[in-house]
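Engineer: My structure is in data-v7.txt, and what it holds is compact mmCIF, C-alpha atoms and all ligand atoms:
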```
# COMPACT_ATOMS: atom_id res chain seq x y z
CA MET I 1138 4.93 102.41 242.20
CA TYR I 1139 7.15 102.53 239.10
CA ASN I 1140 7.77 98.82 238.85
CA ASN I 1141 8.44 98.86 235.11
CA LEU I 1142 11.57 100.97 235.60
CA TYR I 1143 13.81 97.92 236.03
CA LYS I 1144 14.53 97.97 232.29
CA PHE I 1145 16.41 101.27 232.56
CA GLU I 1146 19.91 100.71 233.84
CA ASN I 1147 20.25 102.26 237.28
CA ILE I 1148 22.65 103.09 240.09
CA ASP I 1149 21.88 103.42 243.80
CA ASN I 1150 18.37 102.39 242.78
CA LYS I 1151 18.16 105.53 240.65
CA ILE I 1152 18.16 105.63 236.88
CA ASN I 1153 21.12 107.47 235.44
CA LEU I 1154 19.62 109.48 232.58
CA LEU I 1155 23.01 109.56 230.80
CA ASN I 1156 22.35 105.92 229.94
CA LEU I 1157 19.27 106.73 227.88
CA ASP I 1158 19.23 107.61 224.19
CA TYR I 1159 16.33 109.70 222.89
CA GLN I 1160 14.03 106.74 222.24
CA LYS I 1161 14.69 105.28 225.68
CA MET I 1162 14.21 108.68 227.29
CA CYS I 1163 10.78 108.99 225.63
CA ASN I 1164 9.86 105.49 226.82
CA PHE I 1165 11.05 106.37 230.29
CA PHE I 1166 8.78 109.41 230.55
CA LEU I 1167 5.82 107.47 229.15
CA SER I 1168 6.50 104.70 231.68
CA ILE I 1169 6.20 107.14 234.59
CA GLY I 1170 2.96 108.54 233.23
CA GLU I 1171 4.43 111.74 231.74
CA LYS I 1172 4.26 113.19 228.24
CA LYS I 1173 6.86 112.31 225.64
CA PHE I 1174 7.91 115.95 225.20
CA CYS I 1175 9.42 115.89 228.71
CA ALA I 1176 12.18 113.84 227.08
CA ASP I 1177 12.91 116.77 224.74
CA GLN I 1178 12.97 119.18 227.66
CA VAL I 1179 15.21 117.10 229.90
CA MET I 1180 17.60 116.24 227.06
CA ASN I 1181 17.85 119.94 226.29
CA TRP I 1182 18.85 120.61 229.87
CA ILE I 1183 21.40 117.81 229.84
CA TYR I 1184 22.95 118.25 226.39
CA ARG I 1185 22.49 121.98 225.69
CA GLU I 1186 22.78 123.53 229.16
CA TYR I 1187 25.03 120.86 230.70
CA CYS I 1188 22.76 120.90 233.73
CA ASP I 1189 22.66 117.90 236.07
CA ASP I 1190 20.46 119.47 238.73
CA PHE I 1191 16.71 118.88 238.39
CA ASP I 1192 15.99 121.92 240.58
CA LYS I 1193 17.41 124.18 237.90
CA MET I 1194 15.18 122.80 235.14
CA THR I 1195 12.81 125.73 235.36
CA ASN I 1196 10.51 124.90 232.45
CA ILE I 1197 9.56 121.63 234.15
CA SER I 1198 6.83 121.65 236.78
CA LYS I 1199 7.94 121.52 240.41
CA ILE I 1200 5.97 118.32 240.94
CA LEU I 1201 7.72 116.55 238.08
CA ARG I 1202 11.13 117.86 239.20
CA LYS I 1203 10.53 116.34 242.63
CA LYS I 1204 9.41 113.07 241.09
CA LEU I 1205 12.52 112.97 238.89
CA LYS I 1206 14.78 113.67 241.85
CA ASN I 1207 13.32 110.66 243.61
CA ILE I 1208 13.82 108.19 240.83
CA CYS I 1209 16.69 109.40 238.68
CA ILE I 1210 20.04 111.07 238.57
CA ILE I 1211 22.32 112.65 235.96
CA LYS I 1212 25.78 111.41 236.74
CA ALA I 1213 28.95 111.46 234.66
CA PRO I 1214 32.07 109.73 235.99
CA HIS I 1215 34.47 112.03 237.87
CA PHE I 1216 37.44 113.59 236.12
CA ILE I 1217 39.92 113.28 238.96
CA GLU I 1218 43.12 114.55 237.34
CA GLU I 1219 43.88 116.93 234.51
CA HIS I 1220 47.22 116.87 232.68
CA LEU I 1221 48.07 119.70 230.31
CA SER I 1222 50.52 119.23 227.47
CA ILE I 1223 52.65 122.06 226.07
CA ASP I 1224 50.93 121.47 222.70
CA GLY I 1225 47.47 122.17 224.19
CA THR I 1226 46.42 118.53 224.52
CA ILE I 1227 44.61 117.72 227.77
CA LYS I 1228 44.41 114.29 229.33
CA TRP I 1229 41.89 113.56 232.03
CA LYS I 1230 42.01 110.59 234.34
CA VAL I 1231 38.51 109.38 234.96
CA ALA I 1232 37.40 107.34 237.96
CA ILE I 1233 35.21 104.33 237.23
CA ASN I 1234 34.52 102.53 240.49
CA ASN I 1235 38.04 101.72 241.73
CA ASN I 1236 39.68 101.97 238.34
CA LEU I 1237 40.94 104.74 236.11
CA ILE I 1238 40.40 105.32 232.43
CA GLU I 1239 41.58 108.21 230.27
CA THR I 1240 39.98 110.78 227.99
CA VAL I 1241 42.06 113.04 225.75
CA TYR I 1242 41.24 116.44 224.19
CA ILE I 1243 43.32 117.33 221.14
CA PRO I 1244 42.96 120.88 219.79
CA GLU I 1245 44.02 121.49 216.19
CA LYS I 1246 43.91 124.44 213.84
CA ASN I 1247 40.41 123.97 212.48
CA ARG I 1248 38.93 121.45 214.84
CA SER I 1249 39.21 119.81 218.24
CA THR I 1250 38.98 116.09 218.77
CA LEU I 1251 37.97 114.20 221.88
CA CYS I 1252 39.36 110.69 222.22
CA VAL I 1253 37.15 108.52 224.43
CA SER I 1254 37.70 105.16 226.10
CA THR I 1255 35.25 102.28 225.82
CA GLN I 1256 36.70 99.71 228.20
CA ILE I 1257 38.78 99.54 231.35
CA GLY I 1258 41.94 98.00 229.91
CA CYS I 1259 41.81 95.80 226.82
CA ILE I 1260 41.87 92.05 226.27
CA LEU I 1261 43.47 92.17 222.83
CA GLU I 1262 47.04 92.69 224.05
CA CYS I 1263 48.46 94.07 220.82
CA LYS I 1264 52.21 93.90 221.40
CA PHE I 1265 52.92 97.57 220.61
CA CYS I 1266 50.12 99.06 222.77
CA SER I 1267 50.43 99.91 226.46
CA THR I 1268 46.71 99.55 227.16
CA GLY I 1269 47.06 95.82 226.51
CA GLN I 1270 49.69 95.58 229.27
CA ILE I 1271 47.20 96.36 232.04
CA LYS I 1272 44.58 94.00 233.36
CA PHE I 1273 41.20 94.11 231.63
CA LYS I 1274 38.56 95.16 234.13
CA GLY I 1275 35.41 95.42 232.08
CA ASN I 1276 33.21 97.35 229.68
CA LEU I 1277 32.16 100.94 230.22
CA LYS I 1278 28.44 101.67 230.52
CA VAL I 1279 26.71 104.11 228.18
CA SER I 1280 26.72 106.76 230.94
CA GLU I 1281 30.46 106.26 231.38
CA ILE I 1282 31.18 106.71 227.67
CA VAL I 1283 28.70 109.56 227.19
CA GLY I 1284 29.80 111.00 230.54
CA GLN I 1285 33.39 111.42 229.29
CA ILE I 1286 32.11 113.61 226.45
CA TRP I 1287 29.64 115.46 228.67
CA ASN I 1288 32.33 116.31 231.23
CA ALA I 1289 34.91 117.26 228.62
CA ILE I 1290 32.54 119.60 226.74
CA LYS I 1291 31.44 121.15 230.00
CA ARG I 1292 35.04 121.79 231.05
CA ILE I 1293 36.18 123.10 227.71
CA ARG I 1294 33.15 125.37 227.50
CA PHE I 1295 32.84 126.68 231.05
CA ASN I 1296 35.91 125.94 233.18
CA GLN I 1297 38.90 126.90 231.14
CA SER I 1298 40.50 130.22 231.92
CA LYS I 1299 41.92 130.46 228.41
CA LYS I 1300 39.47 130.05 225.54
CA LYS I 1301 39.67 126.56 224.06
CA ARG I 1302 38.38 125.43 220.70
CA PRO I 1303 35.02 123.65 221.21
CA ILE I 1304 35.00 119.91 220.62
CA THR I 1305 34.00 119.19 217.01
CA ASN I 1306 35.07 115.58 216.53
CA ILE I 1307 34.80 112.41 218.59
CA VAL I 1308 37.06 109.41 218.10
CA PHE I 1309 36.64 106.05 219.81
CA MET I 1310 40.39 105.59 220.04
CA GLY I 1311 41.01 105.64 223.78
CA MET I 1312 41.40 102.63 226.01
CA GLY I 1313 39.72 99.43 224.91
CA GLU I 1314 38.27 97.85 221.81
CA PRO I 1315 34.95 99.55 220.95
CA LEU I 1316 33.58 96.58 219.01
CA LEU I 1317 33.97 94.33 222.04
CA ASN I 1318 31.55 96.63 223.86
CA LEU I 1319 29.26 96.90 220.88
CA LYS I 1320 25.90 97.44 222.55
CA ASN I 1321 27.04 100.25 224.84
CA VAL I 1322 29.13 101.86 222.13
CA VAL I 1323 26.22 101.89 219.68
CA ASN I 1324 23.84 103.26 222.31
CA SER I 1325 26.38 105.99 223.12
CA LEU I 1326 26.71 106.80 219.43
CA LYS I 1327 22.93 107.23 219.25
CA ILE I 1328 23.21 109.96 221.89
CA ILE I 1329 26.23 111.54 220.16
CA LEU I 1330 24.45 111.77 216.80
CA ASN I 1331 20.92 112.63 217.98
CA ASN I 1332 19.58 116.21 217.66
CA PHE I 1333 18.54 116.16 221.31
CA GLY I 1334 21.89 114.67 222.31
CA PHE I 1335 25.32 116.06 221.39
CA ASN I 1336 24.08 116.53 217.81
CA ILE I 1337 27.42 115.78 216.16
CA SER I 1338 27.46 114.78 212.49
CA LYS I 1339 28.30 111.17 211.63
CA ASN I 1340 31.14 112.51 209.48
CA LYS I 1341 32.83 113.81 212.61
CA VAL I 1342 32.60 110.63 214.66
CA THR I 1343 35.03 107.74 214.18
CA ILE I 1344 35.10 104.25 215.58
CA SER I 1345 38.49 102.56 215.48
CA THR I 1346 38.79 98.78 215.62
CA ALA I 1347 41.52 96.18 215.72
CA GLY I 1348 39.21 94.06 213.58
CA ILE I 1349 36.49 92.18 215.42
CA VAL I 1350 34.86 90.82 212.28
CA PRO I 1351 31.50 89.50 213.58
CA ALA I 1352 30.86 92.78 215.43
CA LEU I 1353 31.89 94.85 212.41
CA ASN I 1354 29.46 92.83 210.30
CA LYS I 1355 26.68 93.79 212.70
CA LEU I 1356 27.68 97.44 213.04
CA SER I 1357 26.34 98.68 209.71
CA ASN I 1358 22.83 97.53 210.65
CA MET I 1359 23.06 99.41 213.91
CA ILE I 1360 24.63 102.83 213.24
CA ASP I 1361 26.58 104.80 210.64
CA VAL I 1362 29.82 106.61 211.56
CA ASN I 1363 33.35 106.80 210.16
CA LEU I 1364 35.37 103.65 210.39
CA ALA I 1365 39.09 103.39 211.15
CA VAL I 1366 40.88 100.04 211.11
CA SER I 1367 44.10 99.31 212.97
CA LEU I 1368 45.75 97.28 210.25
CA HIS I 1369 49.42 97.90 211.12
CA ALA I 1370 50.76 95.18 208.82
CA PRO I 1371 50.76 94.36 205.10
CA ASN I 1372 50.43 90.59 205.58
CA ASP I 1373 49.19 87.97 208.04
CA LEU I 1374 52.69 86.87 208.99
CA ILE I 1375 53.58 90.25 210.49
CA ARG I 1376 50.08 90.98 211.77
CA ASN I 1377 49.95 87.64 213.63
CA GLN I 1378 53.15 88.62 215.41
CA ILE I 1379 52.02 92.02 216.60
CA MET I 1380 48.23 91.60 216.91
CA SER I 1381 47.07 88.21 218.10
CA ILE I 1382 43.47 89.00 217.12
CA ASN I 1383 44.67 88.41 213.54
CA LYS I 1384 44.94 84.69 214.26
CA LYS I 1385 41.20 84.70 214.78
CA TYR I 1386 40.19 87.14 212.03
CA ASN I 1387 42.85 87.40 209.37
CA ILE I 1388 43.43 90.30 206.98
CA GLN I 1389 41.31 89.01 204.08
CA ASN I 1390 38.46 88.26 206.43
CA LEU I 1391 38.77 91.73 207.95
CA LEU I 1392 38.98 93.60 204.64
CA ARG I 1393 35.93 91.74 203.33
CA SER I 1394 34.03 92.91 206.38
CA VAL I 1395 35.33 96.48 205.93
CA ASN I 1396 34.10 96.50 202.32
CA ARG I 1397 30.70 95.28 203.47
CA TYR I 1398 30.53 98.15 205.98
CA LEU I 1399 31.60 100.70 203.38
CA SER I 1400 28.98 99.48 200.91
CA VAL I 1401 26.28 100.54 203.38
CA SER I 1402 27.92 103.52 205.11
CA LYS I 1403 27.29 107.10 204.07
CA ALA I 1404 29.86 108.52 206.47
CA ASN I 1405 33.29 109.67 205.29
CA ARG I 1406 32.27 109.44 201.62
CA GLY I 1407 32.35 105.66 201.76
CA GLY I 1408 36.03 105.34 202.68
CA VAL I 1409 37.88 103.78 205.60
CA THR I 1410 40.87 105.15 207.48
CA ILE I 1411 43.67 102.60 207.64
CA GLU I 1412 45.85 103.05 210.73
CA TYR I 1413 49.40 101.83 210.41
CA VAL I 1414 51.79 102.16 213.33
CA MET I 1415 55.39 102.51 212.16
CA LEU I 1416 57.61 99.97 213.95
CA ASP I 1417 61.29 100.11 213.16
CA HIS I 1418 62.36 97.23 210.90
CA ILE I 1419 59.17 95.31 211.64
CA ASN I 1420 56.60 96.66 209.21
CA ASP I 1421 58.30 99.73 207.69
CA GLU I 1422 60.34 98.37 204.76
CA ILE I 1423 59.79 99.59 201.19
CA ILE I 1424 58.51 96.15 200.26
CA HIS I 1425 55.88 96.46 203.02
CA ALA I 1426 54.60 99.73 201.56
CA GLU I 1427 54.28 98.08 198.16
CA GLU I 1428 52.55 95.07 199.67
CA LEU I 1429 50.17 97.36 201.56
CA ALA I 1430 49.28 99.26 198.38
CA LEU I 1431 48.48 95.98 196.64
CA LEU I 1432 46.41 94.79 199.58
CA LEU I 1433 44.32 97.96 199.67
CA ARG I 1434 43.92 98.49 195.94
CA LYS I 1435 40.22 97.64 196.01
CA ILE I 1436 39.40 99.38 199.29
CA PRO I 1437 38.48 103.08 199.24
CA SER I 1438 40.85 104.24 201.94
CA LYS I 1439 43.08 106.89 203.32
CA ILE I 1440 46.15 105.83 205.22
CA ASN I 1441 47.29 107.24 208.57
CA LEU I 1442 50.89 106.39 209.39
CA ILE I 1443 51.36 106.61 213.15
CA PRO I 1444 54.87 107.05 214.55
CA TRP I 1445 55.03 104.51 217.34
CA ASN I 1446 54.90 106.00 220.83
CA ILE I 1447 57.20 104.62 223.42
CA PHE I 1448 56.10 103.15 226.76
CA PRO I 1449 58.05 101.33 229.49
CA ASN I 1450 59.18 97.73 228.95
CA SER I 1451 58.30 97.60 225.29
CA ILE I 1452 60.52 95.80 222.80
CA TYR I 1453 59.81 98.17 219.93
CA LYS I 1454 61.36 101.31 218.48
CA SER I 1455 59.66 103.87 216.31
CA SER I 1456 60.75 104.04 212.68
CA HIS I 1457 63.12 106.83 211.81
CA PRO I 1458 61.22 109.86 210.41
CA LYS I 1459 63.08 109.39 207.09
CA ARG I 1460 61.80 105.82 206.82
CA ILE I 1461 58.27 107.00 207.58
CA GLU I 1462 58.50 109.68 204.89
CA LYS I 1463 59.80 107.17 202.36
CA PHE I 1464 56.99 104.76 203.26
CA ALA I 1465 54.44 107.54 202.87
CA SER I 1466 55.85 108.65 199.53
CA ILE I 1467 55.50 105.14 198.07
CA LEU I 1468 51.86 104.98 199.10
CA THR I 1469 51.20 108.48 197.79
CA LYS I 1470 52.78 107.56 194.45
CA LYS I 1471 50.47 104.56 194.26
CA GLY I 1472 47.53 106.94 194.61
CA PHE I 1473 46.70 106.64 198.32
CA PHE I 1474 45.89 109.71 200.34
CA THR I 1475 48.48 109.24 203.08
CA ILE I 1476 49.18 111.30 206.15
CA ILE I 1477 51.74 110.96 208.90
CA ARG I 1478 49.86 111.44 212.13
CA LYS I 1479 51.38 114.07 214.38
CA ASN I 1480 51.97 112.77 217.85
CA ARG I 1481 50.14 114.88 220.36
CA GLY I 1482 50.47 115.04 224.12
CA THR I 1483 53.50 112.73 224.33
CA ASP I 1484 54.87 114.79 227.26
CA ILE I 1485 51.84 113.77 229.33
CA ASN I 1486 51.57 110.20 227.94
CA ALA I 1487 48.37 111.06 226.13
CA ALA I 1488 49.31 109.88 222.65
CA CYS I 1489 48.04 106.77 220.81
CA GLY I 1490 48.83 103.62 222.72
CA GLN I 1491 50.07 105.39 225.83
CA LEU I 1492 46.80 105.28 227.76
CA ILE I 1493 47.02 102.99 230.74
CA GLY I 1494 44.84 104.73 233.30
CA LYS I 1495 47.23 104.27 236.22
CA ILE I 1496 48.27 107.24 238.30
CA VAL I 1497 51.78 108.21 237.16
N1 LIG G 1501 41.20 99.05 220.00
C1 LIG G 1501 40.95 100.03 218.97
C2 LIG G 1501 40.97 101.41 219.52
C3 LIG G 1501 42.36 101.91 219.92
S1 LIG G 1501 42.71 103.23 218.90
C4 LIG G 1501 41.88 99.82 217.82
O1 LIG G 1501 42.74 98.97 217.92
O2 LIG G 1501 41.71 100.43 216.78
C5 LIG G 1501 44.33 103.59 219.21
C6 LIG G 1501 45.22 103.50 217.97
O3 LIG G 1501 46.58 103.70 218.36
C7 LIG G 1501 45.15 102.13 217.31
O4 LIG G 1501 45.33 102.23 215.94
C8 LIG G 1501 46.31 101.47 217.97
O5 LIG G 1501 46.73 100.34 217.26
C9 LIG G 1501 47.33 102.57 217.97
N2 LIG G 1501 48.42 102.36 218.93
C10 LIG G 1501 48.44 101.54 219.98
N3 LIG G 1501 49.60 101.63 220.63
C11 LIG G 1501 50.34 102.54 220.00
C12 LIG G 1501 51.63 103.11 220.22
N4 LIG G 1501 52.39 102.75 221.27
N5 LIG G 1501 52.05 104.09 219.39
C13 LIG G 1501 51.27 104.49 218.38
N6 LIG G 1501 50.04 104.01 218.11
C14 LIG G 1501 49.58 103.03 218.91
```
Transcribe the structure of this file into structure tokens.
Ligand code: SAH

Structural biologist:
Amino acid sequence: MYNNLYKFENIDNKINLLNLDYQKMCNFFLSIGEKKFCADQVMNWIYREYCDDFDKMTNISKILRKKLKNICIIKAPHFIEEHLSIDGTIKWKVAINNNLIETVYIPEKNRSTLCVSTQIGCILECKFCSTGQIKFKGNLKVSEIVGQIWNAIKRIRFNQSKKKRPITNIVFMGMGEPLLNLKNVVNSLKIILNNFGFNISKNKVTISTAGIVPALNKLSNMIDVNLAVSLHAPNDLIRNQIMSINKKYNIQNLLRSVNRYLSVSKANRGGVTIEYVMLDHINDEIIHAEELALLLRKIPSKINLIPWNIFPNSIYKSSHPKRIEKFASILTKKGFFTIIRKNRGTDINAACGQLIGKIV
């Protein structure tokens, strides 16, 4: 009867509505012979009321509710474990088929950030990151990316005994490389930014990349959000050692692409966040800070220095806090807005680079 529904991604022969951005939702309702405004109504139920039960959608006719129940479903992946840190950070383990990914909620003074995963594992194998140590199992679907946010907001809003700060910011800094799952990440971003979706401002959404240049070149034509780049080195020699992706797309190539993105982007006042993990005696010398300042002189940027987080079997050590402060002070003197990122949730392995998905 609805033979044109094949184009909407589906599970168990039912279409998961969490896969559909507003435009696709409108097309879906038109394709089943309904009015476009049903898309507004259903998206309101999903993204305002956090309702996944068609029977409760009381402003929709009973006939349509029954029809929807037959052909679609609203299904976020299950949060199977919740780990609470003493600093308020929460890490959820999320079941995707037979694998686990992780989603992290980080409350701060004036905002709360949700860190979402985009892939199961990661193929990039950056030497200092634990996600690269596990086997890559595939890309997450839109519903699995959007579903992490949907579940987290629902829990923070309704399930917590103690009042938690509502989620204000989303960062694509969990497991995986977002730009290697470009299509699904962009379609998820459409739902995050849309008025009928999560309705979060582009200034509060950040995509972080290790530097997949061809995808970054495409990104600005597809969506506009904040950009963060995992640079982590002041020159190709060091970057090649710690991030093998640099052998494919070197620093100059990457920074050219970043500048291209910034020339189009209206998010984050046209600046990029440079992430720089502080590895003891690898990339944290005074000369490296000076080299970094020179490298970035023509790039509107703020610099996030990240104390390296330990994980089993790694060969690295984090820089001493004094070395990090010295490094930061050089960059600040050269005119860069530089912050030292506070590590959050280390007691539950929820900090940057500690997400491996396995049950610990
Ligand atoms: N693949 C994307 C998204 C990951 S974001 C990217 O590379 O940007 C996670 C951030 O934490 C990245 O900047 C990553 O390089 C950094 N990171 C990875 N392992 C880390 C570790 N052990 N300690 C601190 N930061 C780490």

Engineer: Kindly compile the residues surrounding ligand LIG 1501 (chain G) within 8 Å, counting all atoms listed in the file, and format them as a tab-separated table (two decimals) with C-alpha atoms, keeping the file's coordinate frame.

Structural biologist:
```tsv
chain	number	residue	atom	x	y	z
I	1259	CYS	CA	41.81	95.80	226.82
I	1261	LEU	CA	43.47	92.17	222.83
I	1263	CYS	CA	48.46	94.07	220.82
I	1265	PHE	CA	52.92	97.57	220.61
I	1266	CYS	CA	50.12	99.06	222.77
I	1267	SER	CA	50.43	99.91	226.46
I	1268	THR	CA	46.71	99.55	227.16
I	1309	PHE	CA	36.64	106.05	219.81
I	1310	MET	CA	40.39	105.59	220.04
I	1311	GLY	CA	41.01	105.64	223.78
I	1312	MET	CA	41.40	102.63	226.01
I	1313	GLY	CA	39.72	99.43	224.91
I	1314	GLU	CA	38.27	97.85	221.81
I	1315	PRO	CA	34.95	99.55	220.95
I	1344	ILE	CA	35.10	104.25	215.58
I	1345	SER	CA	38.49	102.56	215.48
I	1346	THR	CA	38.79	98.78	215.62
I	1347	ALA	CA	41.52	96.18	215.72
I	1348	GLY	CA	39.21	94.06	213.58
I	1365	ALA	CA	39.09	103.39	211.15
I	1366	VAL	CA	40.88	100.04	211.11
I	1367	SER	CA	44.10	99.31	212.97
I	1368	LEU	CA	45.75	97.28	210.25
I	1369	HIS	CA	49.42	97.90	211.12
I	1412	GLU	CA	45.85	103.05	210.73
I	1413	TYR	CA	49.40	101.83	210.41
I	1414	VAL	CA	51.79	102.16	213.33
I	1415	MET	CA	55.39	102.51	212.16
I	1443	ILE	CA	51.36	106.61	213.15
I	1444	PRO	CA	54.87	107.05	214.55
I	1445	TRP	CA	55.03	104.51	217.34
I	1446	ASN	CA	54.90	106.00	220.83
I	1447	ILE	CA	57.20	104.62	223.42
I	1448	PHE	CA	56.10	103.15	226.76
I	1488	ALA	CA	49.31	109.88	222.65
I	1489	CYS	CA	48.04	106.77	220.81
I	1490	GLY	CA	48.83	103.62	222.72
I	1491	GLN	CA	50.07	105.39	225.83
```

Engineer: Show me, as a short mmCIF file (atom, residue, chain, number, x, y, z; two decimals) with C-alpha atoms, in the coordinates of the input, the residues that have an atom within 9 Å of Val1401 (chain I) when counting all atoms listed in the file, minus same-chain residues fewer than 6 positions from it.

Structural biologist:
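The result, stored in selection-v3.cif:
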```cif
data_model
loop_
_atom_site.label_atom_id
_atom_site.label_comp_id
_atom_site.auth_asym_id
_atom_site.auth_seq_id
_atom_site.Cartn_x
_atom_site.Cartn_y
_atom_site.Cartn_z
CA SER I 1357 26.34 98.68 209.71
CA ASN I 1358 22.83 97.53 210.65
CA ASP I 1361 26.58 104.80 210.64
CA GLY I 1407 32.35 105.66 201.76
#
```

Engineer: Could you tell me which of I:Ile1197, I:Leu1277, I:Met1380, I:Leu1205 comes closest to Phe1165 (chain I) if we count all atoms listed in the file?

Structural biologist: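 Once distances to Phe1165 (chain I) are computed over all atoms listed in the file, the minimum belongs to I:Leu1205.
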
Engineer: I want to know what sits within 12 Å of Thr1469 (chain I), based on all atoms listed in the file, with residues of the same chain fewer than 4 positions away left out; could you give that as an mmCIF file with C-alpha atoms, in the coordinates of the input?

Structural biologist:
```cif
data_model
loop_
_atom_site.group_PDB
_atom_site.id
_atom_site.type_symbol
_atom_site.label_atom_id
_atom_site.label_comp_id
_atom_site.auth_asym_id
_atom_site.auth_seq_id
_atom_site.Cartn_x
_atom_site.Cartn_y
_atom_site.Cartn_z
ATOM 1 C CA ALA I 1426 54.600 99.730 201.560
ATOM 2 C CA GLU I 1427 54.280 98.080 198.160
ATOM 3 C CA LEU I 1429 50.170 97.360 201.560
ATOM 4 C CA ALA I 1430 49.280 99.260 198.380
ATOM 5 C CA SER I 1438 40.850 104.240 201.940
ATOM 6 C CA LYS I 1439 43.080 106.890 203.320
ATOM 7 C CA ILE I 1440 46.150 105.830 205.220
ATOM 8 C CA ASN I 1441 47.290 107.240 208.570
ATOM 9 C CA LEU I 1442 50.890 106.390 209.390
ATOM 10 C CA GLU I 1462 58.500 109.680 204.890
ATOM 11 C CA LYS I 1463 59.800 107.170 202.360
ATOM 12 C CA PHE I 1464 56.990 104.760 203.260
ATOM 13 C CA ALA I 1465 54.440 107.540 202.870
ATOM 14 C CA PHE I 1473 46.700 106.640 198.320
ATOM 15 C CA PHE I 1474 45.890 109.710 200.340
ATOM 16 C CA THR I 1475 48.480 109.240 203.080
ATOM 17 C CA ILE I 1476 49.180 111.300 206.150
ATOM 18 C CA ILE I 1477 51.740 110.960 208.900
#
```

Engineer: Please write as JSON, numbers by chain the list of polymer residues whose atoms come within 10 Å of (50.2, 120.0, 227.1), counting only C-alpha atoms and keeping to the coordinates of the file.

Structural biologist: {"I": [1220, 1221, 1222, 1223, 1224, 1225, 1226, 1227, 1228, 1243, 1481, 1482, 1483, 1484, 1485, 1486, 1487]}

Engineer: With distances taken over all atoms listed in the file, which residue among I:Arg1460, I:Lys1264, I:Arg1248, I:Lys1204 lies nearest Ser1381 (chain I)?

Structural biologist: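 Of all the options, I:Lys1264 lies closest to Ser1381 (chain I).
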
Engineer: What is the CA of Thr1240 (chain I) to CA of Val1253 (chain I) distance in Å?

Structural biologist: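 Interatomic distance, CA of Thr1240 (chain I) to CA of Val1253 (chain I): 5.1 Å.
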
Engineer: Rank I:Ser1466, I:Asn1340, I:Asn1450, I:Gln1389 by their smallest atom-to-atom distance to Val1409 (chain I), using only C-alpha atoms, and report the top residue only.

Structural biologist: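 Result for the nearest residue to Val1409 (chain I): I:Asn1340.
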
Engineer: Can you tell me how far CA of Pro1437 (chain I) sits from CA of Thr1343 (chain I), in Å to one decimal?

Structural biologist: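 CA of Pro1437 (chain I) sits 16.0 Å away from CA of Thr1343 (chain I).
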
Engineer: Report the distance between CA of Asn1331 (chain I) and CA of Thr1250 (chain I) in Å, rounded to one decimal place.

Structural biologist: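 Separation of CA of Asn1331 (chain I) and CA of Thr1250 (chain I): 18.4 Å.
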
Engineer: For region 1230-1246 of chain I, what centre and edge lengths in Å (one decimal) does the axis-aligned box get once 8 Å is added on each side of all its listed atoms, as JSON?

Structural biologist:
```
{"center_x": 39.3, "center_y": 113.1, "center_z": 227.8, "size_x": 25.5, "size_y": 38.7, "size_z": 43.9}
```

Engineer: Could you check which of I:Ile1329, I:Ile1200, I:Ile1337, I:Ile1388 is closest to Asn1372 (chain I), using only C-alpha atoms?

Structural biologist: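 Selected residue with least distance to Asn1372 (chain I): I:Ile1388.
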
Engineer: Neighbours of Glu1281 (chain I) within 8 Å (only C-alpha atoms; same-chain residues fewer than 4 positions away dropped), as a ChimeraX atom specification?

Structural biologist: /I:1213-1214,1233,1277,1285

Engineer: Just want the 10 Å neighbourhood of Lys1291 (chain I), counted on only C-alpha atoms, with same-chain residues fewer than 4 positions away dropped. Output as a list in words.

Structural biologist: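 That gives Tyr1184, Arg1185, Glu1186, Tyr1187, Cys1188, Gln1285, Ile1286, Trp1287, Phe1295, Asn1296, Gln1297 and Pro1303 of chain I.
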
Engineer: Using only C-alpha atoms, which of the listed residues (I:Gln1378, I:Asn1150, I:Thr1255, I:Asn1181) sits closest to Phe1335 (chain I)?

Structural biologist: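 Closest residue, counting only C-alpha atoms: I:Asn1181.
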
Engineer: Hey, which of I:Thr1195, I:Asn1383, I:Thr1410, I:Asn1318 ends up closest to Val1362 (chain I)? Count all atoms listed in the file.

Structural biologist: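 Ranked by minimum distance to Val1362 (chain I), first place goes to I:Thr1410.
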
Engineer: Hey, what's within 10 Å of Arg1397 (chain I) if we count all atoms listed in the file and toss same-chain stuff fewer than 6 positions away? As a PyMOL selection string, please?

Structural biologist: chain I and resi 1353-1354+1357+1391

Engineer: Can you spit out the residues from that selection as a PDB file, in the frame of the given file, using C-alpha atoms?

Structural biologist:
```
ATOM      1  CA  LEU I1353      31.890  94.850 212.410  1.00  0.00           C
ATOM      2  CA  ASN I1354      29.460  92.830 210.300  1.00  0.00           C
ATOM      3  CA  SER I1357      26.340  98.680 209.710  1.00  0.00           C
ATOM      4  CA  LEU I1391      38.770  91.730 207.950  1.00  0.00           C
TER       5      LEU I1391
END
```
